[in-house]
Amino acid sequence: MTRPPAPRTLADELRARTDAQLAGLLRARADLLSPLPGDLSQLATRAGTRASVLRALERLDTFTLRTAEALAVAPQPCPVEALAALLPGGEHRLPLALDALRDRALLWGRDDALRLVRTAQELLAPNPTRPS
């Protein structure tokens, strides 16, 4: 059995989702519905806006937010093994955190090439005004 090609963008990943998965995204991030997006590319663009990403990050549990923060400092794309090394003691909770980030379109890519959406990376990565 051949493996499907890896998504090149968040929009590609959204196109591969089932209707139920897309409905779950819209339930988790209702702000993406207003105004109604015309297509999945527009939905992906909207899912990456600063205001929408901030709202989505605010609703994460502590470990899932820690996972997103670890992804923000990890090289992109990040294999899940490298991410697990950044979260010692949390390996058993990592699959659920990754599912939550994917469900909310904050993370995309296969486990060997995880990518945090750029806006989340910019918001969570240390910088001169927010060093840690």
# chains A, B, ... in the order shown; residues from 1 in each chain; ligands from 1
$ residues_around --residues "region 43-60 of chain A" --least-positions-apart "2" --cutoff "10 Å" --atoms "only C-alpha atoms" --output "ChimeraX atom specification"
/A:9-15,25-26,28-34,36-41,62-66,68,97,100-101,104-106,117-120,122-124
$ select_by_dssp --residues "chain A" --states "strand (DSSP E or B)" --output "PyMOL selection string"
chain A and resi 78+107-108+114-116+127+130
$ residues_around --residues "Ala113 (chain A)" --least-positions-apart "3" --cutoff "8 Å" --atoms "only C-alpha atoms" --output "PDB file with N, CA and C atoms, in the first residue's frame"
ATOM      1  N   GLN A  76      11.772  23.397  12.061  1.00  0.00           N
ATOM      2  CA  GLN A  76      10.609  23.015  11.259  1.00  0.00           C
ATOM      3  C   GLN A  76      11.085  22.436   9.939  1.00  0.00           C
ATOM      4  N   PRO A  77      10.575  21.327   9.479  1.00  0.00           N
ATOM      5  CA  PRO A  77       9.620  20.453  10.143  1.00  0.00           C
ATOM      6  C   PRO A  77      10.295  19.662  11.264  1.00  0.00           C
ATOM      7  N   CYS A  78       9.488  19.262  12.231  1.00  0.00           N
ATOM      8  CA  CYS A  78       9.992  18.596  13.428  1.00  0.00           C
ATOM      9  C   CYS A  78       9.460  17.170  13.502  1.00  0.00           C
ATOM     10  N   PRO A  79      10.347  16.179  13.590  1.00  0.00           N
ATOM     11  CA  PRO A  79       9.861  14.815  13.790  1.00  0.00           C
ATOM     12  C   PRO A  79       9.310  14.669  15.213  1.00  0.00           C
ATOM     13  N   VAL A  80       8.311  13.841  15.376  1.00  0.00           N
ATOM     14  CA  VAL A  80       7.665  13.672  16.678  1.00  0.00           C
ATOM     15  C   VAL A  80       8.671  13.212  17.741  1.00  0.00           C
ATOM     16  N   GLY A 109       0.983  18.406   8.962  1.00  0.00           N
ATOM     17  CA  GLY A 109       2.087  17.557   8.543  1.00  0.00           C
ATOM     18  C   GLY A 109       2.054  16.196   9.216  1.00  0.00           C
ATOM     19  N   ARG A 110       2.799  15.271   8.624  1.00  0.00           N
ATOM     20  CA  ARG A 110       2.887  13.928   9.189  1.00  0.00           C
ATOM     21  C   ARG A 110       3.801  13.930  10.407  1.00  0.00           C
TER      22      ARG A 110
END
$ atom_distance --atom1 "CA of Leu87 (chain A)" --atom2 "CA of Gln121 (chain A)"
16.8 Å
$ atom_distance --atom1 "CA of Gln21 (chain A)" --atom2 "CA of Asp61 (chain A)"
20.1 Å
$ closest_residue --among "A:Leu94, A:Trp108, A:Pro7, A:Glu81" --to "Thr67 (chain A)" --atoms "only C-alpha atoms"
A:Leu94
$ closest_residue --among "A:Asp103, A:Arg8, A:Ala70, A:Pro75" --to "Gly90 (chain A)" --atoms "only C-alpha atoms"
A:Ala70
$ atom_distance --atom1 "CA of Ala125 (chain A)" --atom2 "CA of Val73 (chain A)"
5.7 Å
